[in-house]
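Undergrad: Let me give you the structure first, and then I'll get to my questions.
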Amino acid sequence: MEIKQYQIIIVNLDPTVGSEIKKTRPCLVISPNEMNKFLRTITIAPITSKSKDYPTRIKFHLEGNENWIAIDQIRTVDSMRIVQVVGELGTKEIRKVKAIIKETFVD
């Protein structure tokens, strides 16, 4: 399965520890295509349907429902955890993701 940056994939995040987002859920692929092609790990940001309006969360609609990309929960997982690809993020949301990642981790 070829995984591309900004695709939305279903990932089994269990087991987790403490306050990590858990269970099998949609996640956004953050890692670049070059890494996704050659490594067995994928960097993802979990997607949740329940969130407060935190500065590290990006609201968007998935299958007609309001969801949140949790930039504060970015993690790297083995590609064996991927269940399926379900779609990809739109251009507007990609710009927001890039801006929040930059603001959170670079500046």
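So you can find residues: chains in the structure tokens are A, B, ... in the order shown, residues in each start at 1, and ligands are numbered from 1 in order.
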For Asp78 in chain A, work out the shell of residues within 7 Å, counting only C-alpha atoms and skipping chain neighbours fewer than 6 positions away, then give it as a list in words.

TA: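 Here the answer would be Arg40, Thr41 and Ile42 of chain A.
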
Undergrad: What would the file look like if the residues just selected were written as a PDB file, in the first residue's frame with C-alpha atoms?

TA:
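Wrote it out as result.pdb, contents follow:
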```
ATOM      1  CA  ARG A  40       8.412   1.150   7.529  1.00  0.00           C
ATOM      2  CA  THR A  41       7.186   3.932   9.804  1.00  0.00           C
ATOM      3  CA  ILE A  42       4.706   6.730   9.129  1.00  0.00           C
TER       4      ILE A  42
END
```

Undergrad: Among the residues of chain A, find those DSSP assigns to alpha helix (DSSP H) from the backbone and print them as an NGL selection string.

TA: :A and (33-38 or 91-101)

Undergrad: Skip Arg25 in chain A itself and residues of its chain fewer than 3 positions away, then list as JSON, numbers by chain all residues within 10 Å of it, counting only C-alpha atoms.

TA: {"A": [8, 9, 10, 11, 12, 13, 21, 22, 46, 47, 48, 49, 82, 83]}

Undergrad: May I have the selected residues written with N, CA, C and O atoms, as an mmCIF file, in the first residue's frame?

TA:
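Now in out.cif:
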```cif
data_model
loop_
_atom_site.group_PDB
_atom_site.id
_atom_site.type_symbol
_atom_site.label_atom_id
_atom_site.label_comp_id
_atom_site.auth_asym_id
_atom_site.auth_seq_id
_atom_site.Cartn_x
_atom_site.Cartn_y
_atom_site.Cartn_z
ATOM 1 N N ILE A 8 -5.665 10.703 4.520
ATOM 2 C CA ILE A 8 -6.322 10.318 5.767
ATOM 3 C C ILE A 8 -6.398 8.806 5.752
ATOM 4 O O ILE A 8 -6.896 8.203 4.797
ATOM 5 N N ILE A 9 -5.839 8.203 6.799
ATOM 6 C CA ILE A 9 -5.770 6.752 6.890
ATOM 7 C C ILE A 9 -6.380 6.300 8.214
ATOM 8 O O ILE A 9 -6.436 7.076 9.169
ATOM 9 N N ILE A 10 -6.851 5.085 8.253
ATOM 10 C CA ILE A 10 -7.339 4.494 9.500
ATOM 11 C C ILE A 10 -6.163 3.752 10.124
ATOM 12 O O ILE A 10 -5.509 2.933 9.460
ATOM 13 N N VAL A 11 -5.886 4.056 11.405
ATOM 14 C CA VAL A 11 -4.732 3.495 12.101
ATOM 15 C C VAL A 11 -5.170 2.929 13.443
ATOM 16 O O VAL A 11 -5.947 3.556 14.165
ATOM 17 N N ASN A 12 -4.654 1.763 13.778
ATOM 18 C CA ASN A 12 -4.879 1.165 15.095
ATOM 19 C C ASN A 12 -3.814 1.727 16.034
ATOM 20 O O ASN A 12 -2.656 1.342 15.964
ATOM 21 N N LEU A 13 -4.205 2.627 16.940
ATOM 22 C CA LEU A 13 -3.254 3.290 17.842
ATOM 23 C C LEU A 13 -3.047 2.550 19.163
ATOM 24 O O LEU A 13 -2.227 2.968 19.969
ATOM 25 N N ILE A 21 -4.046 9.727 22.499
ATOM 26 C CA ILE A 21 -5.297 9.385 21.811
ATOM 27 C C ILE A 21 -5.227 7.913 21.432
ATOM 28 O O ILE A 21 -4.222 7.443 20.912
ATOM 29 N N LYS A 22 -6.320 7.189 21.715
ATOM 30 C CA LYS A 22 -6.289 5.740 21.532
ATOM 31 C C LYS A 22 -7.323 5.252 20.542
ATOM 32 O O LYS A 22 -8.033 6.034 19.955
ATOM 33 N N PRO A 46 -3.319 12.134 14.877
ATOM 34 C CA PRO A 46 -4.643 11.533 15.051
ATOM 35 C C PRO A 46 -5.762 12.540 14.772
ATOM 36 O O PRO A 46 -5.596 13.749 14.947
ATOM 37 N N ILE A 47 -6.896 12.014 14.358
ATOM 38 C CA ILE A 47 -8.093 12.819 14.119
ATOM 39 C C ILE A 47 -9.140 12.392 15.135
ATOM 40 O O ILE A 47 -9.352 11.199 15.359
ATOM 41 N N THR A 48 -9.791 13.378 15.748
ATOM 42 C CA THR A 48 -10.803 13.092 16.750
ATOM 43 C C THR A 48 -12.086 13.858 16.439
ATOM 44 O O THR A 48 -12.032 14.936 15.836
ATOM 45 N N SER A 49 -13.206 13.304 16.844
ATOM 46 C CA SER A 49 -14.481 13.987 16.615
ATOM 47 C C SER A 49 -14.898 14.821 17.824
ATOM 48 O O SER A 49 -15.852 15.581 17.751
ATOM 49 N N ILE A 82 -1.529 0.475 9.976
ATOM 50 C CA ILE A 82 -2.464 1.083 9.024
ATOM 51 C C ILE A 82 -3.499 0.055 8.584
ATOM 52 O O ILE A 82 -3.149 -1.035 8.134
ATOM 53 N N VAL A 83 -4.767 0.419 8.716
ATOM 54 C CA VAL A 83 -5.866 -0.456 8.332
ATOM 55 C C VAL A 83 -6.271 -0.187 6.883
ATOM 56 O O VAL A 83 -6.440 -1.113 6.095
#
```

Undergrad: Give the answer as one residue: which of A:Lys92, A:Ile44, A:Thr104, A:Cys27 has the shortest atom-to-atom distance to Trp68 in chain A, using only C-alpha atoms?

TA: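 Comparing A:Lys92, A:Ile44, A:Thr104, A:Cys27 against Trp68 in chain A, the winner is A:Cys27.
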
Undergrad: Write out as number ranges by chain which residues come within 12 Å of range 70-72 of chain A when counting only C-alpha atoms, dropping same-chain ones fewer than 3 positions away.

TA: A: 19-21, 26-30, 43-60, 67, 75, 96-105

Undergrad: Give me the residues near Asn33 in chain A as a list in words, where near means some atom within 12 Å (using only C-alpha atoms) and where sequence neighbours in that chain fewer than 2 positions away do not count.

TA: Glu2, Ile3, Lys4, Gln5, Tyr6, Gln7, Val29, Ile30, Ser31, Met35, Asn36, Lys37, Phe38, Leu39, Thr41, Ile42 and Thr43 of chain A

Undergrad: Can you write just those residues out, all heavy atoms, as a short mmCIF file (atom, residue, chain, number, x, y, z; two decimals), in the first residue's frame?

TA:
```cif
data_model
loop_
_atom_site.label_atom_id
_atom_site.label_comp_id
_atom_site.auth_asym_id
_atom_site.auth_seq_id
_atom_site.Cartn_x
_atom_site.Cartn_y
_atom_site.Cartn_z
N GLU A 2 0.70 2.13 -0.98
CA GLU A 2 1.47 3.35 -1.05
C GLU A 2 0.78 4.43 -0.22
O GLU A 2 -0.38 4.76 -0.45
CB GLU A 2 1.61 3.82 -2.50
CG GLU A 2 2.48 5.03 -2.65
CD GLU A 2 2.64 5.46 -4.10
OE1 GLU A 2 2.13 4.76 -4.99
OE2 GLU A 2 3.27 6.50 -4.33
N ILE A 3 1.51 4.97 0.74
CA ILE A 3 0.98 6.00 1.63
C ILE A 3 1.59 7.34 1.24
O ILE A 3 2.80 7.45 1.07
CB ILE A 3 1.32 5.68 3.11
CG1 ILE A 3 0.74 4.32 3.50
CG2 ILE A 3 0.82 6.77 4.03
CD1 ILE A 3 -0.77 4.21 3.41
N LYS A 4 0.74 8.36 1.12
CA LYS A 4 1.20 9.68 0.70
C LYS A 4 0.89 10.72 1.77
O LYS A 4 -0.11 10.60 2.48
CB LYS A 4 0.56 10.08 -0.62
CG LYS A 4 0.96 9.18 -1.76
CD LYS A 4 0.43 9.68 -3.06
CE LYS A 4 0.92 8.77 -4.18
NZ LYS A 4 0.43 9.19 -5.47
N GLN A 5 1.74 11.73 1.81
CA GLN A 5 1.54 12.83 2.75
C GLN A 5 0.17 13.48 2.54
O GLN A 5 -0.27 13.65 1.40
CB GLN A 5 2.64 13.87 2.57
CG GLN A 5 2.66 14.94 3.63
CD GLN A 5 3.83 15.89 3.46
OE1 GLN A 5 4.20 16.25 2.35
NE2 GLN A 5 4.42 16.29 4.57
N TYR A 6 -0.48 13.80 3.64
CA TYR A 6 -1.80 14.43 3.71
C TYR A 6 -2.95 13.51 3.35
O TYR A 6 -4.09 13.97 3.22
CB TYR A 6 -1.86 15.74 2.91
CG TYR A 6 -0.79 16.71 3.36
CD1 TYR A 6 0.19 17.14 2.48
CD2 TYR A 6 -0.73 17.15 4.68
CE1 TYR A 6 1.19 18.01 2.90
CE2 TYR A 6 0.27 18.01 5.11
CZ TYR A 6 1.22 18.44 4.21
OH TYR A 6 2.22 19.28 4.64
N GLN A 7 -2.69 12.21 3.23
CA GLN A 7 -3.79 11.26 3.12
C GLN A 7 -4.39 11.07 4.51
O GLN A 7 -3.72 11.23 5.53
CB GLN A 7 -3.31 9.89 2.62
CG GLN A 7 -3.10 9.82 1.13
CD GLN A 7 -2.70 8.44 0.68
OE1 GLN A 7 -1.94 7.74 1.35
NE2 GLN A 7 -3.20 8.03 -0.48
N VAL A 29 -1.61 11.68 7.57
CA VAL A 29 -0.20 11.39 7.32
C VAL A 29 0.55 12.71 7.25
O VAL A 29 0.23 13.58 6.45
CB VAL A 29 -0.01 10.60 6.01
CG1 VAL A 29 1.48 10.37 5.73
CG2 VAL A 29 -0.76 9.28 6.06
N ILE A 30 1.55 12.86 8.12
CA ILE A 30 2.37 14.07 8.19
C ILE A 30 3.71 13.87 7.49
O ILE A 30 4.25 14.79 6.89
CB ILE A 30 2.62 14.47 9.67
CG1 ILE A 30 1.30 14.73 10.40
CG2 ILE A 30 3.55 15.67 9.77
CD1 ILE A 30 0.53 15.94 9.93
N SER A 31 4.26 12.68 7.56
CA SER A 31 5.59 12.41 7.00
C SER A 31 5.58 12.59 5.48
O SER A 31 4.59 12.28 4.81
CB SER A 31 6.07 11.01 7.39
OG SER A 31 5.10 10.03 7.12
N MET A 35 9.95 9.68 2.78
CA MET A 35 10.06 8.83 3.98
C MET A 35 9.05 7.69 3.93
O MET A 35 9.37 6.55 4.25
CB MET A 35 9.84 9.67 5.25
CG MET A 35 10.98 10.61 5.56
SD MET A 35 10.62 11.71 6.95
CE MET A 35 10.38 10.55 8.28
N ASN A 36 7.83 8.00 3.51
CA ASN A 36 6.78 6.98 3.47
C ASN A 36 7.12 5.85 2.50
O ASN A 36 6.75 4.71 2.72
CB ASN A 36 5.44 7.61 3.06
CG ASN A 36 4.99 8.67 4.04
OD1 ASN A 36 5.38 8.68 5.20
ND2 ASN A 36 4.18 9.59 3.56
N LYS A 37 7.84 6.18 1.45
CA LYS A 37 8.20 5.19 0.44
C LYS A 37 9.29 4.23 0.92
O LYS A 37 9.25 3.04 0.62
CB LYS A 37 8.67 5.90 -0.83
CG LYS A 37 8.96 4.98 -1.99
CD LYS A 37 9.29 5.78 -3.23
CE LYS A 37 9.58 4.85 -4.40
NZ LYS A 37 9.89 5.61 -5.62
N PHE A 38 10.26 4.74 1.70
CA PHE A 38 11.44 3.94 2.04
C PHE A 38 11.50 3.44 3.48
O PHE A 38 12.28 2.54 3.77
CB PHE A 38 12.71 4.74 1.72
CG PHE A 38 12.87 5.00 0.25
CD1 PHE A 38 12.68 6.26 -0.27
CD2 PHE A 38 13.17 3.97 -0.63
CE1 PHE A 38 12.81 6.51 -1.63
CE2 PHE A 38 13.29 4.19 -2.00
CZ PHE A 38 13.12 5.47 -2.50
N LEU A 39 10.71 4.03 4.38
CA LEU A 39 10.73 3.58 5.78
C LEU A 39 9.49 2.76 6.08
O LEU A 39 8.46 2.90 5.42
CB LEU A 39 10.80 4.79 6.72
CG LEU A 39 12.02 5.69 6.58
CD1 LEU A 39 11.90 6.87 7.53
CD2 LEU A 39 13.30 4.93 6.83
N THR A 41 7.94 3.13 8.85
CA THR A 41 7.19 3.93 9.80
C THR A 41 6.56 5.13 9.10
O THR A 41 7.07 5.61 8.09
CB THR A 41 8.08 4.42 10.95
OG1 THR A 41 9.20 5.13 10.40
CG2 THR A 41 8.57 3.26 11.80
N ILE A 42 5.46 5.60 9.67
CA ILE A 42 4.71 6.73 9.13
C ILE A 42 4.46 7.70 10.29
O ILE A 42 4.06 7.27 11.38
CB ILE A 42 3.33 6.28 8.57
CG1 ILE A 42 3.48 5.15 7.55
CG2 ILE A 42 2.54 7.45 8.02
CD1 ILE A 42 4.10 5.54 6.24
N THR A 43 4.67 8.98 10.05
CA THR A 43 4.37 9.99 11.07
C THR A 43 2.96 10.50 10.81
O THR A 43 2.63 10.91 9.70
CB THR A 43 5.39 11.14 11.02
OG1 THR A 43 6.70 10.59 11.19
CG2 THR A 43 5.13 12.14 12.13
#
```

Undergrad: In Å to one decimal, how far is CA of Ile74 in chain A from CA of Glu88 in chain A?

TA: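 The value is 17.2 Å.
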
Undergrad: Which value, in Å to one decimal, gives the distance between CA of Leu62 in chain A and CA of Arg95 in chain A?

TA: 16.7 Å

Undergrad: Rounded to one decimal in Å, what is the spacing between CA of Ser79 in chain A and CA of Met1 in chain A?

TA: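 Atom-to-atom, CA of Ser79 in chain A and CA of Met1 in chain A are spaced 9.4 Å apart.
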
Undergrad: So which bits of chain A end up strand (DSSP E or B) when you DSSP the backbone, as a VMD selection string?

TA: chain A and resid 7 to 12 24 to 29 41 to 48 57 to 62 65 to 70 75 to 78 82 to 88
